[in-house]
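*Asks:* Take this structure first; my questions come after.
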Amino acid sequence: MMTLLDAYTEQRALNNNYQDVAAWKLGGTNLASSSYFNSEHLFYGPLKNQQVFSCHNKEINTYAHLAELEITFRLNEKVVTDLFRDNPISSACDFISSVMPSVELPYSRHDLSKISLPELIKDNCAAGALIIGNEVKWDNSLMEQLDGCIKLLENNTSVTEGLYSNLLKSPVDLLTDFLKLAKTHNLPLKEGQLVATGGISPCVEVNAKKKYLADFGQFGSFSFVLV
């Protein structure tokens, strides 16, 4: 039986030792996914440059057509310093450059209703694509604003929505847990990498050629169209 360590070892090998990772997606960060996979800790998968899209792209070409709303952080230069390597991580705030609204689009070759957690990890935790909105320069006071309800709309009608409280911890605390795990797994984190901290809203199907609006309240909104 494949262990989680085996699965991460295979994930690393299949991804060129993570040398070209643009973003990390987290799983097991809400009650639904942690209960389904019976996971004690969050898990992660890598995304490459071609899987990360700006909201300013006119059309987004991806085979992933499921979507959920997430908060994403950009890592700063301190993740490659002795502060990260040699000291215990008490808070992720030291390592955040900016925060942004985002839509994560999971995709797996497997039937996600039947897949095991090691299989999911080996398959990059179903990392399909990530669409990011406008970035907000990080300030610790922003932690208090990571609250309330966010929505994905199509033609002014909500297709999915969620509360930040759907997450098992605050987005910053989830990022802290990921950074601790990254140290344990010796991940080659880099300045500028993104970390999407898990589904705040339920995952729903989105259709090509339709325009969707991700409304994150005080963190802004952005629209996107899939090819």
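Residue numbers start at 1 in each chain; chains themselves are named A, B, ... in the order of the structure tokens; ligands are numbered from 1 in the order shown.
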Stretch 1-204 of chain A: which residues are strand (DSSP E) by DSSP, as a VMD selection string?
*Replies:* chain A and resid 21 to 27 43 to 48 52 to 54 66 to 75 96 to 106 127 to 132 136 to 137 149 to 154 157 to 163 194 to 196 204
*Asks:* What's around stretch 162-178 of chain A at 8 Å? Count only C-alpha atoms, leave out sequence neighbours fewer than 4 positions away in its own chain, and write the answer as a compact mmCIF listing (two decimals) with N, CA and C atoms, in the first residue's frame.
*Replies:*
# COMPACT_ATOMS: atom_id res chain seq x y z
N LEU A 26 -3.34 23.89 -1.86
CA LEU A 26 -3.49 23.12 -0.63
C LEU A 26 -4.82 22.37 -0.65
N THR A 29 -8.04 21.43 3.70
CA THR A 29 -8.10 22.64 4.51
C THR A 29 -9.52 23.04 4.87
N ASN A 30 -10.50 22.30 4.35
CA ASN A 30 -11.88 22.52 4.78
C ASN A 30 -12.46 21.20 5.28
N LEU A 31 -13.60 21.28 5.95
CA LEU A 31 -14.16 20.09 6.58
C LEU A 31 -14.50 19.02 5.56
N LEU A 42 -3.03 19.08 6.30
CA LEU A 42 -3.25 19.53 4.92
C LEU A 42 -2.27 18.84 3.99
N LEU A 69 -13.63 28.91 -4.97
CA LEU A 69 -13.06 30.19 -4.58
C LEU A 69 -12.04 29.99 -3.45
N ILE A 71 -8.43 31.96 -1.29
CA ILE A 71 -7.51 33.07 -1.07
C ILE A 71 -6.09 32.56 -1.36
N ILE A 89 8.79 28.48 12.61
CA ILE A 89 7.83 29.39 12.00
C ILE A 89 6.66 29.59 12.95
N SER A 90 6.53 30.78 13.47
CA SER A 90 5.42 31.07 14.37
C SER A 90 4.22 31.62 13.61
N SER A 91 4.50 32.38 12.54
CA SER A 91 3.43 32.93 11.72
C SER A 91 3.91 33.08 10.29
N ALA A 92 3.01 32.81 9.35
CA ALA A 92 3.35 32.98 7.93
C ALA A 92 3.49 34.44 7.54
N CYS A 93 3.04 35.34 8.38
CA CYS A 93 3.03 36.77 8.03
C CYS A 93 4.41 37.28 7.62
N MET A 143 -5.47 40.55 8.02
CA MET A 143 -5.97 39.29 8.55
C MET A 143 -7.42 39.40 9.02
N LEU A 146 -10.13 38.94 6.29
CA LEU A 146 -10.35 37.63 5.69
C LEU A 146 -11.53 36.96 6.40
N ASP A 147 -12.70 37.48 6.12
CA ASP A 147 -13.90 37.09 6.84
C ASP A 147 -15.11 37.37 5.95
N GLY A 148 -16.24 36.71 6.25
CA GLY A 148 -17.47 36.98 5.53
C GLY A 148 -17.70 36.02 4.39
N CYS A 149 -18.56 36.43 3.45
CA CYS A 149 -19.01 35.56 2.36
C CYS A 149 -18.43 36.03 1.03
N ILE A 150 -17.98 35.10 0.20
CA ILE A 150 -17.51 35.40 -1.14
C ILE A 150 -18.34 34.58 -2.13
N LYS A 151 -18.44 35.08 -3.38
CA LYS A 151 -19.37 34.47 -4.33
C LYS A 151 -18.75 34.36 -5.72
N ALA A 182 6.46 22.40 4.45
CA ALA A 182 7.46 22.62 3.39
C ALA A 182 8.87 22.46 3.95
N VAL A 195 0.62 30.49 -3.11
CA VAL A 195 0.03 29.39 -2.35
C VAL A 195 -1.47 29.65 -2.22
N THR A 197 -4.88 28.58 -0.61
CA THR A 197 -5.04 27.93 0.70
C THR A 197 -6.29 27.07 0.84
N GLY A 198 -6.94 26.68 -0.26
CA GLY A 198 -8.02 25.71 -0.17
C GLY A 198 -9.40 26.29 -0.36
N GLY A 199 -10.33 25.43 -0.70
CA GLY A 199 -11.67 25.84 -1.11
C GLY A 199 -12.51 26.45 0.01
N ILE A 200 -12.89 27.70 -0.19
CA ILE A 200 -13.81 28.38 0.72
C ILE A 200 -15.25 28.08 0.30
N SER A 201 -15.45 27.93 -1.00
CA SER A 201 -16.77 27.62 -1.55
C SER A 201 -16.80 26.18 -2.04
N PRO A 202 -17.99 25.59 -2.16
CA PRO A 202 -18.10 24.28 -2.81
C PRO A 202 -17.63 24.36 -4.25
*Asks:* Nearest residue to A:Asp94 out of A:Leu179, A:Thr62, A:Leu117, A:Phe37, using only C-alpha atoms?
*Replies:* A:Leu179
*Asks:* What is the distance, in Å and to one decimal place, between atom CA of A:His41 and atom CA of A:Ile121?
*Replies:*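 Separating atom CA of A:His41 from atom CA of A:Ile121 is a distance of 12.7 Å.
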*Asks:* Just checking: using only C-alpha atoms, which residue out of A:Ala67, A:Leu181, A:Cys125, A:Val52 ends up closest to A:Pro88?
*Replies:* A:Leu181
*Asks:* Can you work out which one of A:Asn140, A:Ser116, A:Lys210, A:Gln218 has the shortest atom-to-atom distance to A:Tyr36, counting only C-alpha atoms?
*Replies:*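 Comparing A:Asn140, A:Ser116, A:Lys210, A:Gln218 against A:Tyr36, the winner is A:Ser116.
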*Asks:* Nearest to A:Glu191 among A:Asn17, A:Asn207, A:Ser34, A:Asn76, with distances taken over only C-alpha atoms: which residue is it?
*Replies:*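 Nearest to A:Glu191: A:Asn76.
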*Asks:* Pick out the closest residue to A:Ala127 from this set: A:Tyr18, A:Tyr44, A:Phe73, A:Phe222. Count only C-alpha atoms.
*Replies:* A:Tyr44
*Asks:* So which residues touch A:Leu105 within 10 Å, counting only C-alpha atoms, skipping near sequence neighbours fewer than 4 positions away, as number ranges by chain?
*Replies:* A: 51, 62-69, 126-131, 203-206
*Asks:* The selected residues should be written to file as a tab-separated table (two decimals), in the first residue's frame (atoms: N, CA, C and O atoms).
*Replies:*
chain	number	residue	atom	x	y	z
A	51	GLN	N	-0.13	26.87	-15.90
A	51	GLN	CA	-1.38	26.56	-15.20
A	51	GLN	C	-1.88	27.74	-14.37
A	51	GLN	O	-2.95	27.65	-13.77
A	62	THR	N	-7.82	26.16	-20.52
A	62	THR	CA	-7.52	25.08	-19.60
A	62	THR	C	-8.52	23.95	-19.77
A	62	THR	O	-9.68	24.19	-20.11
A	63	TYR	N	-8.06	22.73	-19.54
A	63	TYR	CA	-8.95	21.58	-19.61
A	63	TYR	C	-9.74	21.41	-18.31
A	63	TYR	O	-10.61	20.55	-18.23
A	64	ALA	N	-9.42	22.20	-17.30
A	64	ALA	CA	-10.11	22.10	-16.01
A	64	ALA	C	-11.40	22.94	-16.05
A	64	ALA	O	-11.35	24.13	-16.35
A	65	HIS	N	-12.52	22.31	-15.74
A	65	HIS	CA	-13.79	23.02	-15.78
A	65	HIS	C	-14.61	22.82	-14.51
A	65	HIS	O	-15.84	22.78	-14.54
A	66	LEU	N	-13.90	22.69	-13.39
A	66	LEU	CA	-14.50	22.77	-12.06
A	66	LEU	C	-13.85	23.95	-11.37
A	66	LEU	O	-12.68	24.27	-11.63
A	67	ALA	N	-14.59	24.64	-10.49
A	67	ALA	CA	-14.04	25.85	-9.89
A	67	ALA	C	-14.46	25.98	-8.43
A	67	ALA	O	-15.57	25.61	-8.05
A	68	GLU	N	-13.55	26.53	-7.63
A	68	GLU	CA	-13.86	26.89	-6.26
A	68	GLU	C	-13.09	28.15	-5.89
A	68	GLU	O	-12.04	28.44	-6.47
A	69	LEU	N	-13.63	28.91	-4.97
A	69	LEU	CA	-13.06	30.19	-4.58
A	69	LEU	C	-12.04	29.99	-3.45
A	69	LEU	O	-12.30	29.27	-2.48
A	126	ALA	N	-4.79	17.00	-7.72
A	126	ALA	CA	-5.77	17.50	-8.70
A	126	ALA	C	-5.56	18.97	-9.03
A	126	ALA	O	-6.50	19.74	-9.18
A	127	ALA	N	-4.29	19.36	-9.17
A	127	ALA	CA	-3.97	20.74	-9.52
A	127	ALA	C	-4.20	20.95	-11.01
A	127	ALA	O	-3.43	20.45	-11.84
A	128	GLY	N	-5.27	21.67	-11.37
A	128	GLY	CA	-5.58	21.93	-12.77
A	128	GLY	C	-5.13	23.30	-13.23
A	128	GLY	O	-4.29	23.43	-14.12
A	129	ALA	N	-5.66	24.33	-12.58
A	129	ALA	CA	-5.31	25.71	-12.94
A	129	ALA	C	-5.65	26.63	-11.79
A	129	ALA	O	-6.43	26.28	-10.89
A	130	LEU	N	-5.06	27.81	-11.82
A	130	LEU	CA	-5.32	28.84	-10.81
A	130	LEU	C	-5.46	30.18	-11.52
A	130	LEU	O	-4.59	30.55	-12.31
A	131	ILE	N	-6.55	30.88	-11.26
A	131	ILE	CA	-6.77	32.23	-11.80
A	131	ILE	C	-6.67	33.21	-10.64
A	131	ILE	O	-7.37	33.06	-9.63
A	203	CYS	N	-17.10	23.25	-4.75
A	203	CYS	CA	-16.62	23.16	-6.13
A	203	CYS	C	-17.79	22.95	-7.07
A	203	CYS	O	-18.66	22.10	-6.80
A	204	VAL	N	-17.83	23.72	-8.15
A	204	VAL	CA	-18.93	23.61	-9.12
A	204	VAL	C	-18.37	23.56	-10.53
A	204	VAL	O	-17.26	24.00	-10.79
A	205	GLU	N	-19.17	23.07	-11.45
A	205	GLU	CA	-18.77	23.05	-12.85
A	205	GLU	C	-18.96	24.43	-13.46
A	205	GLU	O	-19.96	25.11	-13.20
A	206	VAL	N	-17.99	24.86	-14.26
A	206	VAL	CA	-18.10	26.12	-15.00
A	206	VAL	C	-17.99	25.82	-16.49
A	206	VAL	O	-17.31	24.88	-16.90
*Asks:* One decimal, Å: what's the distance from atom CA of A:Lys190 over to atom CA of A:Glu70, could you say?
*Replies:*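 These atoms are spaced 21.0 Å apart.
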